Amino acid sequence: MPEGHTIHRLAREHNAILRGRALRLSSPQGRFASDAAALDGRVLDRVRPYGKHLFYEYGDDVVHVHLGIYGKFETHAAPAPPPRGAVRLRMATNEHTVDLRGPTVCERIRPEERDAVLARLGPDPLDPKADRERFARSCARRATPIGTVLLDQSAIAGVGNVYRAEALYVLGIAPQRPANTLGPGEVDALWDTLARMMRTGVRLNRIVTTLPEDRDRRRGRPSDADRHYLWRRTDLPCRRCGEPIRTEVLGARHMYWCPVCQPA
DNA sequence: GCAAAATGTCAAG
DNA sequence: TTGACCTTTTGCA
């Protein structure tokens, strides 16, 4: 399940195994069948990730994928197993088969439409060319709670519910604070913290927001309890002050925060 | 065996 | 602000 790190990681994997190949495209579930047939056999030029969006470019045809909250990709080495569940799109070479299930968006679009999607999105912390000043300006302009702004993909692209809670906690910023009350230092630190967490997510292929010194080193990979500071951990006290972690719906999603370490 | 929740977004009211 | 949508997993009987 995807925040921006999943998307960038998938783009890297799919570029490695699919790019430059003539792909066999199909839609075992049927909902993308005519578009899959229209593109079957075409050469995939590249996969482009941005925020939570993926673009598979075949000349002037682009397949736009947004995983939403449920969507998932699965890669199989040959021989491909029969489709499991509702496979919206299957992309195959002789060596690999990639299955897509449950996306919010899987559509064939033109390059202009792709550009229109990109134009709506804010800077992506995982994009090396990202302009963090655009994010700073969005914050300065808005009296909306910073916890809501972080989920607004036109303010900053790729951040989701886990990263927003964890980054605000690390920096001691209350999610309810109006974005325009954050100082320039806080906005900068927020960008840097999110970028650091999301790069770790790409590398490990899962969300790990805790710093190594805050984890149990004896384990090879972080346990679930060690991966986050407080997201969905209302069963545990705050790791810094012992206060119960609080949760509340903010920006249509559950926000988690410590009322002591993140004072309003 | 079934309800509820899940790392998301949009349109309707 | 609420409900709809996409699918799988988890938790409780």
# chains A, B, ... in the order shown; residues from 1 in each chain; ligands from 1
$ select_by_dssp --residues "range 71-229 of chain A" --states "strand (DSSP E or B)" --output "list in words"
Lys72, Phe73, Glu74, Thr75, His76, Ala77, Val87, Arg88, Leu89, Arg90, Met91, Ala92, His96, Thr97, Val98, Asp99, Leu100, Arg101, Val105, Cys106, Glu107, Arg108, Ile109, Pro145 and Pro178 of chain A
$ interface_residues --of "chain A" --to "chain B" --cutoff "7 Å" --atoms "only C-alpha atoms (C1' of nucleotides)" --output "PDB file with all heavy atoms, in the first residue's frame"
ATOM      1  N   MET A   1       0.840  -1.208   0.000  1.00  0.00           N
ATOM      2  CA  MET A   1       0.000   0.000   0.000  1.00  0.00           C
ATOM      3  C   MET A   1       0.864   1.243   0.000  1.00  0.00           C
ATOM      4  O   MET A   1       1.893   1.294   0.627  1.00  0.00           O
ATOM      5  CB  MET A   1      -0.916   0.000   1.202  1.00  0.00           C
ATOM      6  CG  MET A   1      -1.985  -1.050   1.072  1.00  0.00           C
ATOM      7  SD  MET A   1      -2.884  -1.202   2.574  1.00  0.00           S
ATOM      8  CE  MET A   1      -3.001  -2.962   2.656  1.00  0.00           C
ATOM      9  N   PRO A   2       0.406   2.183  -0.734  1.00  0.00           N
ATOM     10  CA  PRO A   2       1.312   3.123  -1.349  1.00  0.00           C
ATOM     11  C   PRO A   2       1.296   4.539  -0.807  1.00  0.00           C
ATOM     12  O   PRO A   2       0.267   5.196  -0.793  1.00  0.00           O
ATOM     13  CB  PRO A   2       0.767   3.179  -2.770  1.00  0.00           C
ATOM     14  CG  PRO A   2      -0.703   2.909  -2.632  1.00  0.00           C
ATOM     15  CD  PRO A   2      -0.910   2.219  -1.354  1.00  0.00           C
ATOM     16  N   GLU A   3       2.450   5.027  -0.438  1.00  0.00           N
ATOM     17  CA  GLU A   3       2.688   6.460  -0.468  1.00  0.00           C
ATOM     18  C   GLU A   3       3.733   6.641  -1.564  1.00  0.00           C
ATOM     19  O   GLU A   3       4.029   5.684  -2.297  1.00  0.00           O
ATOM     20  CB  GLU A   3       3.125   6.973   0.911  1.00  0.00           C
ATOM     21  CG  GLU A   3       2.000   6.834   1.939  1.00  0.00           C
ATOM     22  CD  GLU A   3       2.247   7.530   3.276  1.00  0.00           C
ATOM     23  OE1 GLU A   3       3.028   8.490   3.308  1.00  0.00           O
ATOM     24  OE2 GLU A   3       1.650   7.109   4.269  1.00  0.00           O
ATOM     25  N   GLY A  68      -4.253   4.349  -5.497  1.00  0.00           N
ATOM     26  CA  GLY A  68      -5.256   4.609  -4.465  1.00  0.00           C
ATOM     27  C   GLY A  68      -4.815   3.964  -3.174  1.00  0.00           C
ATOM     28  O   GLY A  68      -3.621   3.808  -2.900  1.00  0.00           O
ATOM     29  N   ILE A  69      -5.776   3.559  -2.369  1.00  0.00           N
ATOM     30  CA  ILE A  69      -5.413   3.017  -1.063  1.00  0.00           C
ATOM     31  C   ILE A  69      -5.249   1.492  -1.115  1.00  0.00           C
ATOM     32  O   ILE A  69      -4.591   0.900  -0.274  1.00  0.00           O
ATOM     33  CB  ILE A  69      -6.458   3.430  -0.011  1.00  0.00           C
ATOM     34  CG1 ILE A  69      -5.876   3.336   1.387  1.00  0.00           C
ATOM     35  CG2 ILE A  69      -7.737   2.657  -0.172  1.00  0.00           C
ATOM     36  CD1 ILE A  69      -6.738   3.990   2.442  1.00  0.00           C
ATOM     37  N   GLY A 160       1.761  10.759   2.315  1.00  0.00           N
ATOM     38  CA  GLY A 160       0.496  10.162   2.714  1.00  0.00           C
ATOM     39  C   GLY A 160       0.339  10.190   4.223  1.00  0.00           C
ATOM     40  O   GLY A 160       1.077  10.884   4.943  1.00  0.00           O
ATOM     41  N   ASN A 161      -0.602   9.419   4.700  1.00  0.00           N
ATOM     42  CA  ASN A 161      -1.021   9.504   6.098  1.00  0.00           C
ATOM     43  C   ASN A 161       0.063   9.093   7.094  1.00  0.00           C
ATOM     44  O   ASN A 161       0.120   9.628   8.187  1.00  0.00           O
ATOM     45  CB  ASN A 161      -2.263   8.627   6.292  1.00  0.00           C
ATOM     46  CG  ASN A 161      -3.050   9.041   7.508  1.00  0.00           C
ATOM     47  OD1 ASN A 161      -2.993  10.205   7.924  1.00  0.00           O
ATOM     48  ND2 ASN A 161      -3.763   8.107   8.095  1.00  0.00           N
ATOM     49  N   VAL A 162       0.895   8.140   6.720  1.00  0.00           N
ATOM     50  CA  VAL A 162       1.932   7.695   7.650  1.00  0.00           C
ATOM     51  C   VAL A 162       3.038   8.740   7.747  1.00  0.00           C
ATOM     52  O   VAL A 162       3.410   9.179   8.845  1.00  0.00           O
ATOM     53  CB  VAL A 162       2.538   6.345   7.220  1.00  0.00           C
ATOM     54  CG1 VAL A 162       3.572   5.899   8.234  1.00  0.00           C
ATOM     55  CG2 VAL A 162       1.456   5.293   7.080  1.00  0.00           C
TER      56      VAL A 162
END
$ atom_distance --atom1 "CA of Asp40 in chain A" --atom2 "CA of Leu23 in chain A"
6.4 Å
$ closest_residue --among "A:Arg233, A:Arg101, A:Arg21, A:Arg199" --to "chain C" --atoms "only C-alpha atoms (C1' of nucleotides)"
A:Arg101
$ closest_atom_pairs --of "chain C" --to "chain A" --cutoff "10 Å" --atoms "only C-alpha atoms (C1' of nucleotides)" --output "tab-separated table"
residue	atom	partner	partner_atom	distance
C:DT1	C1'	A:Ala252	CA	9.3
C:DC5	C1'	A:Thr104	CA	7.6
C:DC6	C1'	A:Gly102	CA	4.9
C:DT7	C1'	A:Gly102	CA	5.1
C:DT8	C1'	A:Tyr70	CA	7.5
$ write_last_selection --atoms "N, CA, C and O atoms (P, O5', C5', C4', C3', O3' and C1' of nucleotides)" --output "mmCIF file, in the first residue's frame"
data_model
loop_
_atom_site.group_PDB
_atom_site.id
_atom_site.type_symbol
_atom_site.label_atom_id
_atom_site.label_comp_id
_atom_site.auth_asym_id
_atom_site.auth_seq_id
_atom_site.Cartn_x
_atom_site.Cartn_y
_atom_site.Cartn_z
ATOM 1 P P DT C 1 -15.727 19.749 7.954
ATOM 2 O "O5'" DT C 1 -16.865 18.646 7.937
ATOM 3 C "C5'" DT C 1 -18.240 19.010 8.051
ATOM 4 C "C4'" DT C 1 -19.028 17.914 7.358
ATOM 5 C "C3'" DT C 1 -18.491 16.507 7.611
ATOM 6 O "O3'" DT C 1 -19.574 15.710 8.039
ATOM 7 C "C1'" DT C 1 -18.723 16.866 5.285
ATOM 8 P P DC C 5 -20.421 3.005 -5.871
ATOM 9 O "O5'" DC C 5 -18.892 2.718 -6.136
ATOM 10 C "C5'" DC C 5 -18.201 3.457 -7.140
ATOM 11 C "C4'" DC C 5 -16.731 3.242 -6.961
ATOM 12 C "C3'" DC C 5 -16.335 1.782 -6.745
ATOM 13 O "O3'" DC C 5 -15.829 1.274 -7.967
ATOM 14 C "C1'" DC C 5 -15.084 3.297 -5.382
ATOM 15 P P DC C 6 -15.948 -0.255 -8.308
ATOM 16 O "O5'" DC C 6 -14.457 -0.734 -8.047
ATOM 17 C "C5'" DC C 6 -13.406 -0.227 -8.845
ATOM 18 C "C4'" DC C 6 -12.093 -0.471 -8.144
ATOM 19 C "C3'" DC C 6 -11.995 -1.854 -7.492
ATOM 20 O "O3'" DC C 6 -11.165 -2.701 -8.278
ATOM 21 C "C1'" DC C 6 -11.212 -0.133 -6.034
ATOM 22 P P DT C 7 -11.587 -4.302 -8.213
ATOM 23 O "O5'" DT C 7 -10.789 -4.786 -6.920
ATOM 24 C "C5'" DT C 7 -9.369 -4.826 -6.949
ATOM 25 C "C4'" DT C 7 -8.866 -5.251 -5.590
ATOM 26 C "C3'" DT C 7 -9.258 -6.663 -5.162
ATOM 27 O "O3'" DT C 7 -8.083 -7.459 -5.262
ATOM 28 C "C1'" DT C 7 -9.401 -5.108 -3.361
ATOM 29 P P DT C 8 -7.979 -8.954 -4.697
ATOM 30 O "O5'" DT C 8 -7.375 -8.719 -3.232
ATOM 31 C "C5'" DT C 8 -6.173 -7.980 -3.102
ATOM 32 C "C4'" DT C 8 -5.843 -7.804 -1.634
ATOM 33 C "C3'" DT C 8 -5.740 -9.115 -0.833
ATOM 34 O "O3'" DT C 8 -4.469 -9.082 -0.207
ATOM 35 C "C1'" DT C 8 -7.137 -7.550 0.280
#
$ select_by_dssp --residues "range 40-245 of chain A" --states "helix (DSSP H, G or I)" --output "ChimeraX atom specification"
/A:111-120,132-141,146-149,161-171,179-181,184-204,212-214,224-227
$ residues_around --residues "Asp235 in chain A" --least-positions-apart "2" --cutoff "9 Å" --atoms "only C-alpha atoms (C1' of nucleotides)" --output "MDAnalysis selection string"
chainID A and resid 232:233 237 244:245
$ write_last_selection --atoms "C-alpha atoms" --output "mmCIF file, in the first residue's frame"
data_model
loop_
_atom_site.group_PDB
_atom_site.id
_atom_site.type_symbol
_atom_site.label_atom_id
_atom_site.label_comp_id
_atom_site.auth_asym_id
_atom_site.auth_seq_id
_atom_site.Cartn_x
_atom_site.Cartn_y
_atom_site.Cartn_z
ATOM 1 C CA ARG A 232 -1.473 3.635 14.644
ATOM 2 C CA ARG A 233 0.241 3.121 17.977
ATOM 3 C CA PRO A 237 2.616 5.764 25.247
ATOM 4 C CA PRO A 244 -0.924 8.562 25.607
ATOM 5 C CA ILE A 245 -0.839 9.031 21.841
#
$ atom_distance --atom1 "CA of Tyr58 in chain A" --atom2 "CA of Ile7 in chain A"
18.7 Å
$ closest_residue --among "A:Val159, A:Leu39, A:Ala167, A:Leu182" --to "Ala143 in chain A" --atoms "only C-alpha atoms"
A:Leu182
$ atom_distance --atom1 "CA of Leu236 in chain A" --atom2 "CA of Asn205 in chain A"
25.2 Å
$ residues_around --residues "Ser27 in chain A" --least-positions-apart "2" --cutoff "9 Å" --atoms "only C-alpha atoms (C1' of nucleotides)" --output "list in words"
Leu25, Gln29, Gly30, Arg31, Phe32, Ala33, Ser34, Asp35, Ala36, Ala37, Val87, Arg88, Leu89, Arg90 and Met91 of chain A
$ residues_around --residues "range 45-56 of chain A" --least-positions-apart "5" --cutoff "10 Å" --atoms "only C-alpha atoms (C1' of nucleotides)" --output "MDAnalysis selection string"
(chainID A and resid 2:16 18:22 61:68 105:109 111 114 117:118 121:127 153:154 156:160) or (chainID B and resid 8)
